[in-house]
$ cat upload-v5.cif   # mmCIF, C-alpha atoms and all ligand atoms
data_coords
#
loop_
_atom_site.group_PDB
_atom_site.id
_atom_site.type_symbol
_atom_site.label_atom_id
_atom_site.label_comp_id
_atom_site.auth_asym_id
_atom_site.auth_seq_id
_atom_site.Cartn_x
_atom_site.Cartn_y
_atom_site.Cartn_z
ATOM 1 C CA MET A 1 0.012 -42.097 14.536
ATOM 2 C CA SER A 2 2.053 -40.488 11.768
ATOM 3 C CA ASN A 3 4.559 -41.571 9.090
ATOM 4 C CA ALA A 4 6.455 -39.712 6.398
ATOM 5 C CA LEU A 5 5.213 -40.290 2.903
ATOM 6 C CA GLN A 6 6.775 -40.402 -0.557
ATOM 7 C CA LEU A 7 4.239 -38.862 -2.901
ATOM 8 C CA PRO A 8 4.690 -39.249 -6.674
ATOM 9 C CA ILE A 9 6.487 -36.423 -8.498
ATOM 10 C CA ILE A 10 4.896 -35.272 -11.749
ATOM 11 C CA ASP A 11 6.989 -33.365 -14.297
ATOM 12 C CA LEU A 12 4.761 -30.874 -16.126
ATOM 13 C CA ALA A 13 7.411 -30.286 -18.803
ATOM 14 C CA SER A 14 7.962 -33.948 -19.670
ATOM 15 C CA PRO A 15 7.635 -34.527 -23.426
ATOM 16 C CA ASP A 16 6.093 -37.962 -22.806
ATOM 17 C CA ARG A 17 2.573 -36.754 -22.089
ATOM 18 C CA PHE A 18 0.964 -40.185 -22.105
ATOM 19 C CA SER A 19 3.330 -41.622 -19.563
ATOM 20 C CA THR A 20 2.921 -38.464 -17.422
ATOM 21 C CA ALA A 21 -0.853 -38.808 -17.675
ATOM 22 C CA ASN A 22 -0.576 -42.414 -16.498
ATOM 23 C CA SER A 23 1.507 -41.382 -13.498
ATOM 24 C CA ILE A 24 -1.089 -38.726 -12.649
ATOM 25 C CA ARG A 25 -3.848 -41.325 -12.868
ATOM 26 C CA GLN A 26 -2.047 -43.644 -10.463
ATOM 27 C CA ALA A 27 -1.249 -40.789 -8.061
ATOM 28 C CA CYS A 28 -4.881 -39.642 -8.005
ATOM 29 C CA ILE A 29 -6.158 -43.179 -7.418
ATOM 30 C CA ASP A 30 -3.620 -44.007 -4.693
ATOM 31 C CA HIS A 31 -3.214 -40.706 -2.853
ATOM 32 C CA GLY A 32 -5.257 -37.880 -4.343
ATOM 33 C CA PHE A 33 -2.019 -35.907 -3.822
ATOM 34 C CA PHE A 34 1.183 -35.466 -5.823
ATOM 35 C CA TYR A 35 4.082 -33.030 -6.277
ATOM 36 C CA LEU A 36 4.292 -30.959 -9.461
ATOM 37 C CA VAL A 37 7.718 -29.867 -10.751
ATOM 38 C CA ASN A 38 8.869 -27.948 -13.853
ATOM 39 C CA HIS A 39 5.577 -26.058 -13.704
ATOM 40 C CA GLY A 40 6.918 -22.788 -15.120
ATOM 41 C CA VAL A 41 6.158 -20.587 -12.070
ATOM 42 C CA ASP A 42 9.579 -19.239 -11.261
ATOM 43 C CA GLU A 43 11.152 -19.304 -7.828
ATOM 44 C CA GLU A 44 11.762 -15.546 -7.711
ATOM 45 C CA LEU A 45 8.041 -14.903 -8.132
ATOM 46 C CA VAL A 46 7.136 -17.452 -5.449
ATOM 47 C CA LYS A 47 9.642 -15.805 -3.119
ATOM 48 C CA LYS A 48 8.060 -12.392 -3.744
ATOM 49 C CA VAL A 49 4.575 -13.773 -3.063
ATOM 50 C CA PHE A 50 5.732 -15.119 0.324
ATOM 51 C CA GLU A 51 7.462 -11.821 1.167
ATOM 52 C CA GLN A 52 4.369 -9.822 0.266
ATOM 53 C CA SER A 53 2.152 -12.216 2.205
ATOM 54 C CA SER A 54 4.306 -11.763 5.289
ATOM 55 C CA ASN A 55 4.280 -7.960 4.778
ATOM 56 C CA PHE A 56 0.490 -7.924 4.831
ATOM 57 C CA PHE A 57 0.013 -10.259 7.800
ATOM 58 C CA SER A 58 2.506 -8.261 9.882
ATOM 59 C CA PHE A 59 0.147 -5.252 9.822
ATOM 60 C CA PRO A 60 -1.842 -4.489 12.991
ATOM 61 C CA ILE A 61 -5.204 -6.243 13.159
ATOM 62 C CA GLU A 62 -7.129 -2.928 12.782
ATOM 63 C CA GLU A 63 -5.420 -2.354 9.433
ATOM 64 C CA LYS A 64 -6.066 -5.905 8.245
ATOM 65 C CA MET A 65 -9.734 -5.693 9.273
ATOM 66 C CA LYS A 66 -10.173 -2.747 6.896
ATOM 67 C CA LEU A 67 -9.959 -5.423 4.175
ATOM 68 C CA ALA A 68 -12.253 -7.908 5.996
ATOM 69 C CA ILE A 69 -13.717 -10.522 3.685
ATOM 70 C CA LYS A 70 -16.479 -9.438 1.252
ATOM 71 C CA ASN A 71 -17.577 -11.392 -1.838
ATOM 72 C CA HIS A 72 -15.126 -14.132 -0.783
ATOM 73 C CA ARG A 73 -12.221 -11.680 -1.171
ATOM 74 C CA GLY A 74 -10.061 -10.183 1.572
ATOM 75 C CA TYR A 75 -8.988 -10.947 5.115
ATOM 76 C CA THR A 76 -10.195 -13.510 7.666
ATOM 77 C CA ALA A 77 -8.718 -13.285 11.179
ATOM 78 C CA LEU A 78 -7.155 -15.919 13.430
ATOM 79 C CA TYR A 79 -9.725 -18.565 14.557
ATOM 80 C CA ALA A 80 -12.382 -17.182 12.181
ATOM 81 C CA GLU A 81 -12.543 -20.378 10.098
ATOM 82 C CA LYS A 82 -12.970 -23.972 11.226
ATOM 83 C CA LEU A 83 -12.510 -26.488 8.416
ATOM 84 C CA ASP A 84 -13.633 -29.458 10.556
ATOM 85 C CA THR A 85 -17.039 -28.307 11.732
ATOM 86 C CA THR A 86 -17.448 -31.377 14.017
ATOM 87 C CA LEU A 87 -14.767 -30.027 16.381
ATOM 88 C CA THR A 88 -15.884 -28.252 19.537
ATOM 89 C CA THR A 89 -12.641 -26.285 19.829
ATOM 90 C CA LYS A 90 -12.401 -22.705 18.654
ATOM 91 C CA GLY A 91 -11.545 -22.036 15.018
ATOM 92 C CA ASP A 92 -8.315 -22.955 13.220
ATOM 93 C CA SER A 93 -5.208 -21.037 14.247
ATOM 94 C CA LYS A 94 -4.554 -19.311 10.965
ATOM 95 C CA GLU A 95 -5.349 -16.033 9.281
ATOM 96 C CA THR A 96 -5.992 -15.824 5.557
ATOM 97 C CA PHE A 97 -6.343 -13.445 2.650
ATOM 98 C CA TYR A 98 -8.345 -14.326 -0.461
ATOM 99 C CA VAL A 99 -7.651 -12.955 -3.933
ATOM 100 C CA GLY A 100 -10.303 -14.019 -6.432
ATOM 101 C CA PRO A 101 -10.654 -13.834 -10.227
ATOM 102 C CA LEU A 102 -8.925 -10.727 -11.562
ATOM 103 C CA ALA A 103 -11.457 -9.619 -14.151
ATOM 104 C CA ASP A 104 -14.589 -8.905 -12.102
ATOM 105 C CA GLY A 105 -13.306 -5.976 -10.016
ATOM 106 C CA LEU A 106 -14.388 -7.554 -6.710
ATOM 107 C CA ASN A 107 -10.931 -8.015 -5.223
ATOM 108 C CA GLN A 108 -9.861 -5.945 -2.234
ATOM 109 C CA TRP A 109 -6.251 -4.765 -2.319
ATOM 110 C CA PRO A 110 -3.923 -3.180 0.244
ATOM 111 C CA LEU A 111 -3.075 0.413 -0.720
ATOM 112 C CA GLU A 112 -0.133 0.716 -3.128
ATOM 113 C CA GLU A 113 1.508 3.296 -0.820
ATOM 114 C CA ASP A 114 1.332 0.843 2.127
ATOM 115 C CA LEU A 115 2.508 -2.219 0.216
ATOM 116 C CA PRO A 116 4.146 -1.283 -3.082
ATOM 117 C CA SER A 117 3.818 -3.931 -5.833
ATOM 118 C CA TRP A 118 1.607 -6.128 -3.640
ATOM 119 C CA ARG A 119 -1.246 -6.163 -6.107
ATOM 120 C CA SER A 120 0.924 -6.651 -9.203
ATOM 121 C CA THR A 121 2.796 -9.525 -7.505
ATOM 122 C CA MET A 122 -0.472 -11.335 -6.719
ATOM 123 C CA GLU A 123 -1.860 -10.659 -10.190
ATOM 124 C CA THR A 124 1.260 -12.073 -11.857
ATOM 125 C CA TYR A 125 1.168 -15.124 -9.598
ATOM 126 C CA HIS A 126 -2.526 -15.622 -10.368
ATOM 127 C CA GLN A 127 -1.854 -15.619 -14.117
ATOM 128 C CA LYS A 128 1.205 -17.862 -13.944
ATOM 129 C CA VAL A 129 -0.424 -20.501 -11.737
ATOM 130 C CA LEU A 130 -3.531 -20.472 -13.890
ATOM 131 C CA SER A 131 -1.401 -21.176 -16.932
ATOM 132 C CA ALA A 132 0.399 -24.080 -15.152
ATOM 133 C CA GLY A 133 -2.986 -25.336 -13.940
ATOM 134 C CA THR A 134 -4.406 -25.280 -17.469
ATOM 135 C CA LYS A 135 -1.531 -27.454 -18.726
ATOM 136 C CA LEU A 136 -2.043 -29.797 -15.795
ATOM 137 C CA LEU A 137 -5.757 -30.046 -16.467
ATOM 138 C CA SER A 138 -5.178 -31.235 -20.023
ATOM 139 C CA LEU A 139 -2.964 -34.023 -18.597
ATOM 140 C CA ILE A 140 -5.662 -34.857 -16.059
ATOM 141 C CA ALA A 141 -8.112 -35.168 -18.967
ATOM 142 C CA LEU A 142 -5.681 -37.561 -20.710
ATOM 143 C CA SER A 143 -5.278 -39.479 -17.457
ATOM 144 C CA LEU A 144 -9.043 -40.072 -17.502
ATOM 145 C CA LYS A 145 -8.832 -41.277 -21.121
ATOM 146 C CA LEU A 146 -10.587 -38.125 -22.318
ATOM 147 C CA ASP A 147 -9.559 -35.631 -25.006
ATOM 148 C CA GLU A 148 -6.950 -33.148 -23.806
ATOM 149 C CA ASP A 149 -9.378 -30.259 -24.215
ATOM 150 C CA PHE A 150 -12.279 -32.038 -22.509
ATOM 151 C CA PHE A 151 -12.479 -29.736 -19.479
ATOM 152 C CA GLY A 152 -12.331 -26.640 -21.669
ATOM 153 C CA LYS A 153 -15.199 -27.988 -23.774
ATOM 154 C CA VAL A 154 -17.426 -28.608 -20.736
ATOM 155 C CA GLY A 155 -16.834 -25.049 -19.491
ATOM 156 C CA ALA A 156 -14.461 -25.729 -16.591
ATOM 157 C CA LEU A 157 -12.079 -23.078 -17.961
ATOM 158 C CA ASN A 158 -14.735 -20.390 -18.318
ATOM 159 C CA GLU A 159 -14.400 -17.227 -16.232
ATOM 160 C CA PRO A 160 -14.535 -16.541 -13.346
ATOM 161 C CA LEU A 161 -11.365 -18.463 -12.604
ATOM 162 C CA GLY A 162 -8.828 -18.675 -9.842
ATOM 163 C CA PHE A 163 -9.045 -18.180 -6.090
ATOM 164 C CA ILE A 164 -5.750 -17.618 -4.291
ATOM 165 C CA ARG A 165 -5.614 -18.077 -0.539
ATOM 166 C CA LEU A 166 -2.657 -16.688 1.406
ATOM 167 C CA LEU A 167 -2.346 -18.486 4.732
ATOM 168 C CA HIS A 168 -0.431 -17.515 7.852
ATOM 169 C CA TYR A 169 -0.146 -19.850 10.840
ATOM 170 C CA PRO A 170 1.397 -17.918 13.761
ATOM 171 C CA GLY A 171 3.896 -19.920 15.846
ATOM 172 C CA SER A 172 2.768 -21.284 19.232
ATOM 173 C CA GLY A 173 4.775 -18.542 20.968
ATOM 174 C CA ASP A 174 2.389 -15.977 19.444
ATOM 175 C CA LEU A 175 -0.791 -17.799 20.499
ATOM 176 C CA ASP A 176 -2.345 -17.982 23.942
ATOM 177 C CA SER A 177 -1.357 -21.205 25.711
ATOM 178 C CA SER A 178 -4.880 -22.687 25.653
ATOM 179 C CA SER A 179 -4.563 -22.849 21.847
ATOM 180 C CA GLU A 180 -2.012 -25.697 21.952
ATOM 181 C CA GLU A 181 -4.394 -28.320 20.615
ATOM 182 C CA VAL A 182 -6.072 -26.133 18.025
ATOM 183 C CA TYR A 183 -5.092 -27.228 14.505
ATOM 184 C CA GLY A 184 -3.551 -24.835 12.021
ATOM 185 C CA ALA A 185 -6.124 -26.240 9.597
ATOM 186 C CA SER A 186 -8.431 -28.930 10.987
ATOM 187 C CA ALA A 187 -9.197 -32.085 8.975
ATOM 188 C CA HIS A 188 -11.031 -31.448 5.715
ATOM 189 C CA SER A 189 -11.064 -32.240 2.025
ATOM 190 C CA ASP A 190 -10.952 -29.426 -0.527
ATOM 191 C CA TYR A 191 -13.896 -28.412 -2.677
ATOM 192 C CA GLY A 192 -13.525 -27.802 -6.404
ATOM 193 C CA MET A 193 -11.419 -29.673 -8.944
ATOM 194 C CA ILE A 194 -7.784 -29.294 -7.935
ATOM 195 C CA THR A 195 -5.687 -27.282 -5.478
ATOM 196 C CA LEU A 196 -2.084 -26.172 -6.041
ATOM 197 C CA LEU A 197 -0.281 -25.474 -2.786
ATOM 198 C CA MET A 198 3.104 -23.902 -2.117
ATOM 199 C CA THR A 199 4.508 -23.769 1.420
ATOM 200 C CA ASP A 200 7.490 -22.023 2.993
ATOM 201 C CA GLY A 201 8.958 -25.446 3.874
ATOM 202 C CA VAL A 202 7.865 -25.471 7.530
ATOM 203 C CA PRO A 203 6.321 -28.905 8.185
ATOM 204 C CA GLY A 204 2.729 -29.406 9.320
ATOM 205 C CA LEU A 205 0.673 -30.775 6.419
ATOM 206 C CA GLN A 206 -0.623 -34.344 6.851
ATOM 207 C CA ILE A 207 -2.981 -36.563 4.870
ATOM 208 C CA CYS A 208 -5.244 -39.440 5.871
ATOM 209 C CA ARG A 209 -5.830 -41.750 2.944
ATOM 210 C CA GLU A 210 -8.549 -43.933 4.490
ATOM 211 C CA LYS A 211 -10.937 -41.485 6.057
ATOM 212 C CA SER A 212 -13.341 -44.063 7.448
ATOM 213 C CA LYS A 213 -10.678 -46.430 8.850
ATOM 214 C CA GLN A 214 -10.220 -46.261 12.640
ATOM 215 C CA PRO A 215 -7.892 -45.335 14.147
ATOM 216 C CA GLN A 216 -7.102 -42.794 11.441
ATOM 217 C CA VAL A 217 -3.558 -42.947 10.078
ATOM 218 C CA TRP A 218 -2.034 -39.536 9.366
ATOM 219 C CA GLU A 219 1.055 -39.263 7.153
ATOM 220 C CA ASP A 220 3.344 -36.229 6.904
ATOM 221 C CA VAL A 221 3.641 -34.542 3.514
ATOM 222 C CA PRO A 222 7.186 -33.140 3.449
ATOM 223 C CA SER A 223 7.672 -30.117 1.236
ATOM 224 C CA ILE A 224 9.979 -30.251 -1.796
ATOM 225 C CA SER A 225 11.547 -26.890 -2.522
ATOM 226 C CA GLY A 226 9.954 -25.257 -5.582
ATOM 227 C CA ALA A 227 7.356 -28.016 -6.136
ATOM 228 C CA PHE A 228 3.609 -27.506 -5.861
ATOM 229 C CA VAL A 229 1.675 -29.975 -3.758
ATOM 230 C CA VAL A 230 -1.390 -30.741 -5.896
ATOM 231 C CA ASN A 231 -4.515 -32.390 -4.555
ATOM 232 C CA ILE A 232 -7.832 -33.491 -5.980
ATOM 233 C CA GLY A 233 -10.968 -31.752 -4.670
ATOM 234 C CA ASP A 234 -14.451 -33.101 -3.930
ATOM 235 C CA MET A 235 -15.889 -32.072 -7.288
ATOM 236 C CA LEU A 236 -13.334 -34.037 -9.324
ATOM 237 C CA GLU A 237 -13.817 -37.002 -6.991
ATOM 238 C CA ARG A 238 -17.548 -36.804 -7.739
ATOM 239 C CA TRP A 239 -17.029 -36.309 -11.482
ATOM 240 C CA THR A 240 -14.800 -39.405 -11.612
ATOM 241 C CA ASN A 241 -17.275 -41.479 -9.585
ATOM 242 C CA CYS A 242 -14.710 -41.686 -6.772
ATOM 243 C CA LEU A 243 -11.926 -43.105 -8.986
ATOM 244 C CA PHE A 244 -9.805 -40.089 -8.010
ATOM 245 C CA ARG A 245 -9.655 -39.345 -4.296
ATOM 246 C CA SER A 246 -10.383 -36.078 -2.568
ATOM 247 C CA THR A 247 -8.179 -36.923 0.400
ATOM 248 C CA LEU A 248 -8.662 -35.755 3.970
ATOM 249 C CA HIS A 249 -5.840 -33.502 5.132
ATOM 250 C CA ARG A 250 -4.953 -31.131 7.951
ATOM 251 C CA VAL A 251 -2.207 -28.848 9.256
ATOM 252 C CA LEU A 252 -0.907 -29.709 12.733
ATOM 253 C CA PRO A 253 -1.116 -27.227 15.600
ATOM 254 C CA PRO A 254 1.652 -24.742 14.841
ATOM 255 C CA ARG A 255 4.917 -24.905 16.769
ATOM 256 C CA GLN A 256 6.784 -22.672 14.389
ATOM 257 C CA GLU A 257 5.336 -19.835 12.315
ATOM 258 C CA ARG A 258 4.302 -21.070 8.855
ATOM 259 C CA TYR A 259 3.138 -19.507 5.577
ATOM 260 C CA SER A 260 1.498 -21.185 2.614
ATOM 261 C CA VAL A 261 -0.277 -20.100 -0.559
ATOM 262 C CA MET A 262 -2.913 -22.191 -2.248
ATOM 263 C CA ILE A 263 -4.868 -21.687 -5.414
ATOM 264 C CA HIS A 264 -8.030 -23.272 -6.748
ATOM 265 C CA PRO A 265 -7.435 -22.508 -10.407
ATOM 266 C CA PHE A 266 -10.727 -23.786 -11.818
ATOM 267 C CA ALA A 267 -14.427 -24.113 -11.213
ATOM 268 C CA VAL A 268 -15.141 -24.615 -7.540
ATOM 269 C CA TYR A 269 -18.804 -25.462 -8.051
ATOM 270 C CA ALA A 270 -20.798 -27.301 -10.696
HETATM 271 O O1 LIG A 301 -1.377 -24.761 4.507
HETATM 272 C C1 LIG A 301 -1.432 -25.917 4.082
HETATM 273 O O2 LIG A 301 -0.413 -26.619 3.995
HETATM 274 C C2 LIG A 301 -2.745 -26.526 3.650
HETATM 275 C C3 LIG A 301 -3.953 -25.649 3.803
HETATM 276 C C4 LIG A 301 -5.228 -26.302 3.366
HETATM 277 O O3 LIG A 301 -5.303 -27.485 3.215
HETATM 278 C C5 LIG A 301 -6.430 -25.493 3.074
HETATM 279 O O4 LIG A 301 -6.459 -24.304 3.465
HETATM 280 O O5 LIG A 301 -7.365 -26.016 2.435
HETATM 281 FE FE FE A 302 -7.093 -28.051 2.114
#
$ encode --input "upload-v5.cif" --output "structure tokens"
Amino acid sequence: MSNALQLPIIDLASPDRFSTANSIRQACIDHGFFYLVNHGVDEELVKKVFEQSSNFFSFPIEEKMKLAIKNHRGYTALYAEKLDTTLTTKGDSKETFYVGPLADGLNQWPLEEDLPSWRSTMETYHQKVLSAGTKLLSLIALSLKLDEDFFGKVGALNEPLGFIRLLHYPGSGDLDSSSEEVYGASAHSDYGMITLLMTDGVPGLQICREKSKQPQVWEDVPSISGAFVVNIGDMLERWTNCLFRSTLHRVLPPRQERYSVMIHPFAVYA
């Protein structure tokens, strides 16, 4: 069962911070998901990130495996991950590339001669999303009736910060036919505090607000051009004693090729 959903839209640039904080509070209680607009990450940069992501994933598998994941950075192949570990099917039909915190030297990068400006594009995106995320986090603190700088004071903004995940879901035409029922991303909730997700507009993302209700009701999350989809992770759900929801979500089995980019800007463990 699936319905389309109207998630709240939060304006990061609104001068009325208290009213914005209240809207965030309601969104996190009701859905655990909202859209973020006027976030200061410009469209040209987002476009470049998607182009560079597609450039990397179009390399032959042998080339991509040269950057196979180490220290949570680098490439994971199609079916290598399964977000819903209760499923007996093979892994999720997506390939990914992780870029972690910039300062610790652990990132793996494609060679500059193979993919010019790839690294600098990802580094700029990392910095810009982190800066939007920091503004958002101060509003989340206000929404919890805390001081704006609460999360900074408890160390949530300490390095190392920021994991980007580039995701590529090949279209069903590029998968073997037995993969039809394999999800792009099987049902899961995110770890950490918050996730900021940008997609290329191809549908597929769904949320289930009542995870223990049977039968489960899945609602489509349409994309809004230029807006981040923000969701609360398990750690913030725990820190708020379940006031804010870390909502179950999934990506449907791919029909059409799809790209997305997500970032966990802050602490992913406590
Ligand atoms: O690609 C998407 O739309 C969502 C991906 C996701 O939820 C995840 O990787 O945690
Ligand atoms: Fe997720």
$ resolve_selection --input "upload-v5.cif" --expression "the PyMOL selection byres (((chain A and resi 55) around 12) and not hetatm)" --output "list of chain:residue names"
A:Lys48, A:Val49, A:Phe50, A:Glu51, A:Gln52, A:Ser53, A:Ser54, A:Phe56, A:Phe57, A:Ser58, A:Phe59, A:Pro60, A:Lys64, A:Pro110, A:Asp114, A:Leu115, A:Pro116, A:Ser117, A:Trp118, A:Leu166, A:His168, A:Tyr259
$ resolve_selection --input "upload-v5.cif" --expression "the PyMOL selection byres (((not hetatm)) within 10 of (chain A and resi 301))" --output "PyMOL selection string"
chain A and resi 81+83+94+96+165-169+184-191+195-207+221+223+229+231+233+248-252+258-264
$ closest_residue --input "upload-v5.cif" --among "A:Glu210, A:Asp84, A:Glu123, A:Glu112" --to "ligand FE 302 (chain A)" --atoms "only C-alpha atoms and all ligand atoms"
A:Asp84
$ closest_residue --input "upload-v5.cif" --among "A:Arg119, A:Lys145, A:Lys135, A:Lys153" --to "Gly40 (chain A)" --atoms "all atoms listed in the file"
A:Lys135
$ closest_residue --input "upload-v5.cif" --among "A:Met235, A:Ala4, A:Pro170, A:Pro222" --to "Ala156 (chain A)" --atoms "all atoms listed in the file"
A:Met235
$ atom_distance --input "upload-v5.cif" --atom1 "CA of Leu36 (chain A)" --atom2 "CA of Phe163 (chain A)"
18.8 Å
$ atom_distance --input "upload-v5.cif" --atom1 "CA of Pro215 (chain A)" --atom2 "CA of Ser93 (chain A)"
24.4 Å
$ atom_distance --input "upload-v5.cif" --atom1 "CA of Gly192 (chain A)" --atom2 "CA of Leu102 (chain A)"
18.4 Å
$ residues_around --input "upload-v5.cif" --residues "Ser19 (chain A)" --least-positions-apart "6" --cutoff "12 Å" --atoms "all atoms listed in the file" --output "list in words"
Ile10, Asp11, Leu12, Arg25, Gln26, Leu139, Ile140, Leu142 and Ser143 of chain A
$ residues_around --input "upload-v5.cif" --residues "Gly32 (chain A)" --least-positions-apart "4" --cutoff "7 Å" --atoms "all atoms listed in the file" --output "VMD selection string"
chain A and resid 27 to 28 231 to 232 244 to 247
$ resolve_selection --input "upload-v5.cif" --expression "the PyMOL selection byres (((chain A and resi 132) around 10) and not hetatm)" --output "list in words"
Leu12, Leu36, Asn38, His39, Gly40, Val41, Gln127, Lys128, Val129, Leu130, Ser131, Gly133, Thr134, Lys135, Leu136, Leu137, Leu196 and Pro265 of chain A
$ axis_aligned_box --input "upload-v5.cif" --around "region 126-136 of chain A" --padding-each-side "8 Å" --output "lines of an AutoDock Vina configuration file"
center_x = -1.6
center_y = -22.7
center_z = -14.5
size_x = 21.6
size_y = 30.2
size_z = 24.4
$ residues_around --input "upload-v5.cif" --residues "Gly105 (chain A)" --least-positions-apart "5" --cutoff "12 Å" --atoms "all atoms listed in the file" --output "JSON, numbers by chain"
{"A": [71, 73, 99, 100, 160]}
$ closest_residue --input "upload-v5.cif" --among "A:Arg238, A:His126, A:Lys90, A:Lys82" --to "ligand FE 302 (chain A)" --atoms "all atoms listed in the file"
A:Lys82
$ closest_residue --input "upload-v5.cif" --among "A:Leu111, A:Leu45, A:Leu161, A:Ile61" --to "Thr124 (chain A)" --atoms "all atoms listed in the file"
A:Leu45
$ closest_residue --input "upload-v5.cif" --among "A:His72, A:Ser225, A:Phe33, A:Leu106" --to "ligand FE 302 (chain A)" --atoms "all atoms listed in the file"
A:Phe33
